[in-house]
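Trainee: The structure under discussion is supplied below as structure tokens; questions concerning it will follow.
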Amino acid sequence: MTSTRTRAVLVALTATAALALTACGSGDDGAGTAHASHSAAAGATASATAGAHNAQDVSFAQSMIPHHQQALEMAGLAVDRGSSAQVRSLAARIEKAQDPEIRTMTGWLKAWGEDVPMAGMDHSGHAGMAGMMSDKDMTMLKRAKGTDFDTMFLTMMVEHHRGAVEMAGTEKAKGAYGPATTMADAIVTAQNAEIKEMNKLLGKG
């Protein structure tokens, strides 16, 4: 894959985030009913804050879902096309991390009454996303095998991950929904680490 083509490729994606909403607890300080009322009010406020979301949170989920879906498609190709055990291992980790994230983000969008991107093979509608592979890129990857596949997969996935990190960085800066910004932070950490790993496999690091 030429550098020109990879630079033209735009969007983002991987890594796993375990999201847990911590319930607000209360201790017994002898204040009786007054304390219990205060604790209930504090818990309600915390719950409302955790549930608040904004347009950026919606955009993050709606963009990251198809981005992750493409990463899963790419990773799935490594099973019978890749020649390197390291590449196949990386692909398996990407699948393990991103599939649950897709399900989580789908749940958010449904709860918010927002549209959920449908899974599909045609990614032309998402060509403007940072790091997203074009349909032509995906066709080339599907046709490659052995060491050629390994090199192409790693080069494409580095660009894909960089796009995901960029998208997640925007969510961290502008998002309001706690679980979404937590996931974004996990994506930045995990995918930056995988970028370093892939560059090393490519002989660049």
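Please note that chains go A, B, ... in the order of the structure tokens, that every chain numbers its residues from 1, and that ligands are numbered from 1 in the order shown.
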Write out as CSV a residue-level contact list of region 40-111 of chain A versus region 180-189 of chain A with cut-off 9 Å: for each qualifying residue the closest pair of atoms and the distance in Å to one decimal, counting only C-alpha atoms, rows sorted by chain and residue number upward.

Mentor:
```
residue,atom,partner,partner_atom,distance
A:His53,CA,A:Ala180,CA,8.9
A:Asp57,CA,A:Ala180,CA,6.7
A:Phe60,CA,A:Ala180,CA,8.1
A:Ala61,CA,A:Ala180,CA,8.1
A:Glu101,CA,A:Met183,CA,8.1
A:Met105,CA,A:Ala180,CA,8.1
A:Trp108,CA,A:Ala180,CA,8.9
```

Trainee: Write out as JSON, numbers by chain the residues lying within 10 Å of Lys174 (chain A), counting only C-alpha atoms and excluding same-chain residues fewer than 4 positions away.

Mentor: {"A": [54, 55, 56, 57, 168, 169, 170, 181]}

Trainee: Just want the 8 Å neighbourhood of region 151-157 of chain A, counted on only C-alpha atoms, with same-chain residues fewer than 2 positions away dropped. Output as a PyMOL selection string.

Mentor: chain A and resi 1+6+71+74+78+87+133+141+144+147-149+159-161+198-199+201-202

Trainee: Output the selection as a short mmCIF file (atom, residue, chain, number, x, y, z; two decimals), in the first residue's frame - all heavy atoms for each residue.

Mentor:
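Result file follows (part.cif):
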```
data_model
loop_
_atom_site.label_atom_id
_atom_site.label_comp_id
_atom_site.auth_asym_id
_atom_site.auth_seq_id
_atom_site.Cartn_x
_atom_site.Cartn_y
_atom_site.Cartn_z
N MET A 1 0.85 -1.18 0.00
CA MET A 1 0.00 0.00 0.00
C MET A 1 0.88 1.22 0.00
O MET A 1 1.79 1.34 0.79
CB MET A 1 -0.88 -0.02 1.25
CG MET A 1 -1.81 1.15 1.36
SD MET A 1 -2.82 1.00 2.85
CE MET A 1 -1.55 1.04 4.07
N THR A 6 -2.52 5.57 1.91
CA THR A 6 -2.78 5.54 3.34
C THR A 6 -3.07 6.92 3.88
O THR A 6 -3.88 7.06 4.79
CB THR A 6 -1.57 4.93 4.09
OG1 THR A 6 -0.41 5.66 3.79
CG2 THR A 6 -1.38 3.49 3.70
N ALA A 71 -13.00 -2.18 11.66
CA ALA A 71 -11.83 -2.80 12.29
C ALA A 71 -12.07 -4.29 12.48
O ALA A 71 -11.16 -5.11 12.28
CB ALA A 71 -11.53 -2.12 13.62
N MET A 74 -11.67 -6.01 9.16
CA MET A 74 -10.25 -6.13 8.83
C MET A 74 -9.60 -7.24 9.66
O MET A 74 -8.83 -8.06 9.15
CB MET A 74 -9.53 -4.80 9.08
CG MET A 74 -9.97 -3.69 8.16
SD MET A 74 -9.38 -2.05 8.69
CE MET A 74 -7.60 -2.23 8.44
N ALA A 78 -7.64 -11.54 8.91
CA ALA A 78 -6.32 -12.03 9.30
C ALA A 78 -6.31 -13.51 9.64
O ALA A 78 -5.25 -14.16 9.59
CB ALA A 78 -5.80 -11.22 10.50
N VAL A 87 0.49 -11.03 14.01
CA VAL A 87 -0.60 -10.29 13.36
C VAL A 87 -1.94 -10.93 13.71
O VAL A 87 -2.91 -10.24 14.02
CB VAL A 87 -0.39 -10.26 11.83
CG1 VAL A 87 -1.67 -9.79 11.12
CG2 VAL A 87 0.76 -9.34 11.48
N MET A 133 -10.91 3.21 6.16
CA MET A 133 -10.48 2.65 4.89
C MET A 133 -11.60 2.81 3.84
O MET A 133 -12.78 2.70 4.16
CB MET A 133 -10.15 1.17 5.03
CG MET A 133 -9.04 0.85 6.00
SD MET A 133 -7.44 1.55 5.55
CE MET A 133 -7.24 2.78 6.84
N LEU A 141 -7.10 -5.34 0.55
CA LEU A 141 -6.74 -6.15 1.71
C LEU A 141 -7.29 -7.56 1.58
O LEU A 141 -6.61 -8.54 1.92
CB LEU A 141 -7.27 -5.48 2.99
CG LEU A 141 -6.85 -6.12 4.32
CD1 LEU A 141 -5.33 -6.04 4.48
CD2 LEU A 141 -7.54 -5.43 5.49
N ALA A 144 -5.08 -9.70 -0.66
CA ALA A 144 -3.70 -9.96 -0.22
C ALA A 144 -3.64 -11.21 0.65
O ALA A 144 -4.60 -11.59 1.31
CB ALA A 144 -3.17 -8.76 0.55
N THR A 147 2.72 -12.59 3.71
CA THR A 147 3.45 -11.42 4.21
C THR A 147 2.93 -10.12 3.61
O THR A 147 2.98 -9.07 4.27
CB THR A 147 4.96 -11.55 3.92
OG1 THR A 147 5.16 -11.74 2.51
CG2 THR A 147 5.56 -12.74 4.67
N ASP A 148 2.44 -10.18 2.38
CA ASP A 148 1.85 -8.99 1.77
C ASP A 148 0.63 -8.54 2.58
O ASP A 148 0.43 -7.35 2.82
CB ASP A 148 1.44 -9.26 0.32
CG ASP A 148 2.63 -9.36 -0.61
OD1 ASP A 148 3.72 -8.90 -0.23
OD2 ASP A 148 2.47 -9.90 -1.71
N PHE A 149 -0.18 -9.51 2.99
CA PHE A 149 -1.35 -9.19 3.81
C PHE A 149 -0.90 -8.59 5.13
O PHE A 149 -1.45 -7.58 5.58
CB PHE A 149 -2.20 -10.42 4.08
CG PHE A 149 -3.34 -10.16 5.04
CD1 PHE A 149 -4.57 -9.70 4.56
CD2 PHE A 149 -3.16 -10.30 6.41
CE1 PHE A 149 -5.60 -9.42 5.45
CE2 PHE A 149 -4.20 -10.02 7.30
CZ PHE A 149 -5.42 -9.57 6.81
N GLU A 159 -3.22 3.44 10.59
CA GLU A 159 -4.00 4.62 10.19
C GLU A 159 -5.39 4.59 10.83
O GLU A 159 -5.91 5.61 11.28
CB GLU A 159 -4.13 4.67 8.67
CG GLU A 159 -2.82 4.93 7.94
CD GLU A 159 -2.18 6.24 8.35
OE1 GLU A 159 -2.90 7.25 8.46
OE2 GLU A 159 -0.95 6.26 8.57
N HIS A 160 -5.97 3.41 10.87
CA HIS A 160 -7.31 3.24 11.45
C HIS A 160 -7.29 3.61 12.93
O HIS A 160 -8.17 4.34 13.42
CB HIS A 160 -7.75 1.80 11.26
CG HIS A 160 -9.23 1.61 11.21
ND1 HIS A 160 -9.98 1.33 12.32
CD2 HIS A 160 -10.10 1.66 10.18
CE1 HIS A 160 -11.26 1.20 11.97
NE2 HIS A 160 -11.36 1.40 10.68
N HIS A 161 -6.30 3.10 13.63
CA HIS A 161 -6.17 3.39 15.06
C HIS A 161 -5.93 4.88 15.31
O HIS A 161 -6.48 5.45 16.27
CB HIS A 161 -5.02 2.59 15.66
CG HIS A 161 -5.40 1.21 16.10
ND1 HIS A 161 -6.42 0.48 15.55
CD2 HIS A 161 -4.87 0.41 17.09
CE1 HIS A 161 -6.51 -0.69 16.15
NE2 HIS A 161 -5.57 -0.75 17.10
N MET A 198 2.32 -2.21 16.39
CA MET A 198 2.25 -2.44 14.94
C MET A 198 3.41 -1.79 14.22
O MET A 198 3.97 -2.37 13.27
CB MET A 198 0.91 -1.96 14.41
CG MET A 198 -0.27 -2.82 14.85
SD MET A 198 -1.84 -2.38 14.08
CE MET A 198 -2.25 -0.87 14.96
N ASN A 199 3.80 -0.62 14.64
CA ASN A 199 4.95 0.03 14.02
C ASN A 199 6.23 -0.77 14.24
O ASN A 199 7.10 -0.85 13.36
CB ASN A 199 5.13 1.46 14.55
CG ASN A 199 4.22 2.46 13.85
OD1 ASN A 199 3.87 2.28 12.68
ND2 ASN A 199 3.84 3.51 14.56
N LEU A 201 6.31 -4.05 14.52
CA LEU A 201 6.21 -5.18 13.60
C LEU A 201 6.54 -4.76 12.17
O LEU A 201 7.03 -5.57 11.38
CB LEU A 201 4.80 -5.78 13.66
CG LEU A 201 4.42 -6.50 14.97
CD1 LEU A 201 2.96 -6.93 14.94
CD2 LEU A 201 5.32 -7.71 15.19
N LEU A 202 6.27 -3.51 11.87
CA LEU A 202 6.59 -2.99 10.53
C LEU A 202 8.04 -2.54 10.42
O LEU A 202 8.48 -2.10 9.36
CB LEU A 202 5.66 -1.80 10.20
CG LEU A 202 4.20 -2.15 9.88
CD1 LEU A 202 3.34 -0.89 9.89
CD2 LEU A 202 4.10 -2.85 8.51
#
```

Trainee: Would you please work out which residue, of A:Asp80, A:Glu95, A:Glu114, A:Glu73, is nearest to Val58 (chain A) when using only C-alpha atoms?

Mentor: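 Once distances to Val58 (chain A) are computed over only C-alpha atoms, the minimum belongs to A:Glu114.
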
Trainee: Can you tell me, as number ranges by chain, which residues in region 56-141 of chain A count as helix (DSSP H, G or I) by DSSP?

Mentor: A: 56-81, 85-112, 124-126, 135-141

Trainee: Would you compute the distance between CA of Ala111 (chain A) and CA of Gln98 (chain A)? Give it in Å to one decimal.

Mentor: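 Pair CA of Ala111 (chain A) / CA of Gln98 (chain A) returns 20.0 Å.
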
Trainee: Tell me which protein, DNA and RNA residues are within 7 Å of Val116 (chain A), counting only C-alpha atoms, leaving out same-chain ones fewer than 3 positions away, and put them as a count of residues only.

Mentor: 3

Trainee: Which residues are close to Ile94 (chain A), i.e. within 10 Å by only C-alpha atoms, leaving aside same-chain residues fewer than 3 positions away? Reply as number ranges by chain.

Mentor: A: 13-16, 68, 71-72, 74-76, 88-91, 97-99, 190-191, 194

Trainee: CA of Met129 (chain A) and CA of Lys196 (chain A) are how many Å apart?

Mentor: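 Atom-to-atom, CA of Met129 (chain A) and CA of Lys196 (chain A) are spaced 21.7 Å apart.
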
Trainee: Just how far from CA of Met64 (chain A) is CA of Gly82 (chain A), in Å to one decimal?

Mentor: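 Between CA of Gly82 (chain A) and CA of Met64 (chain A) the gap is 25.4 Å.
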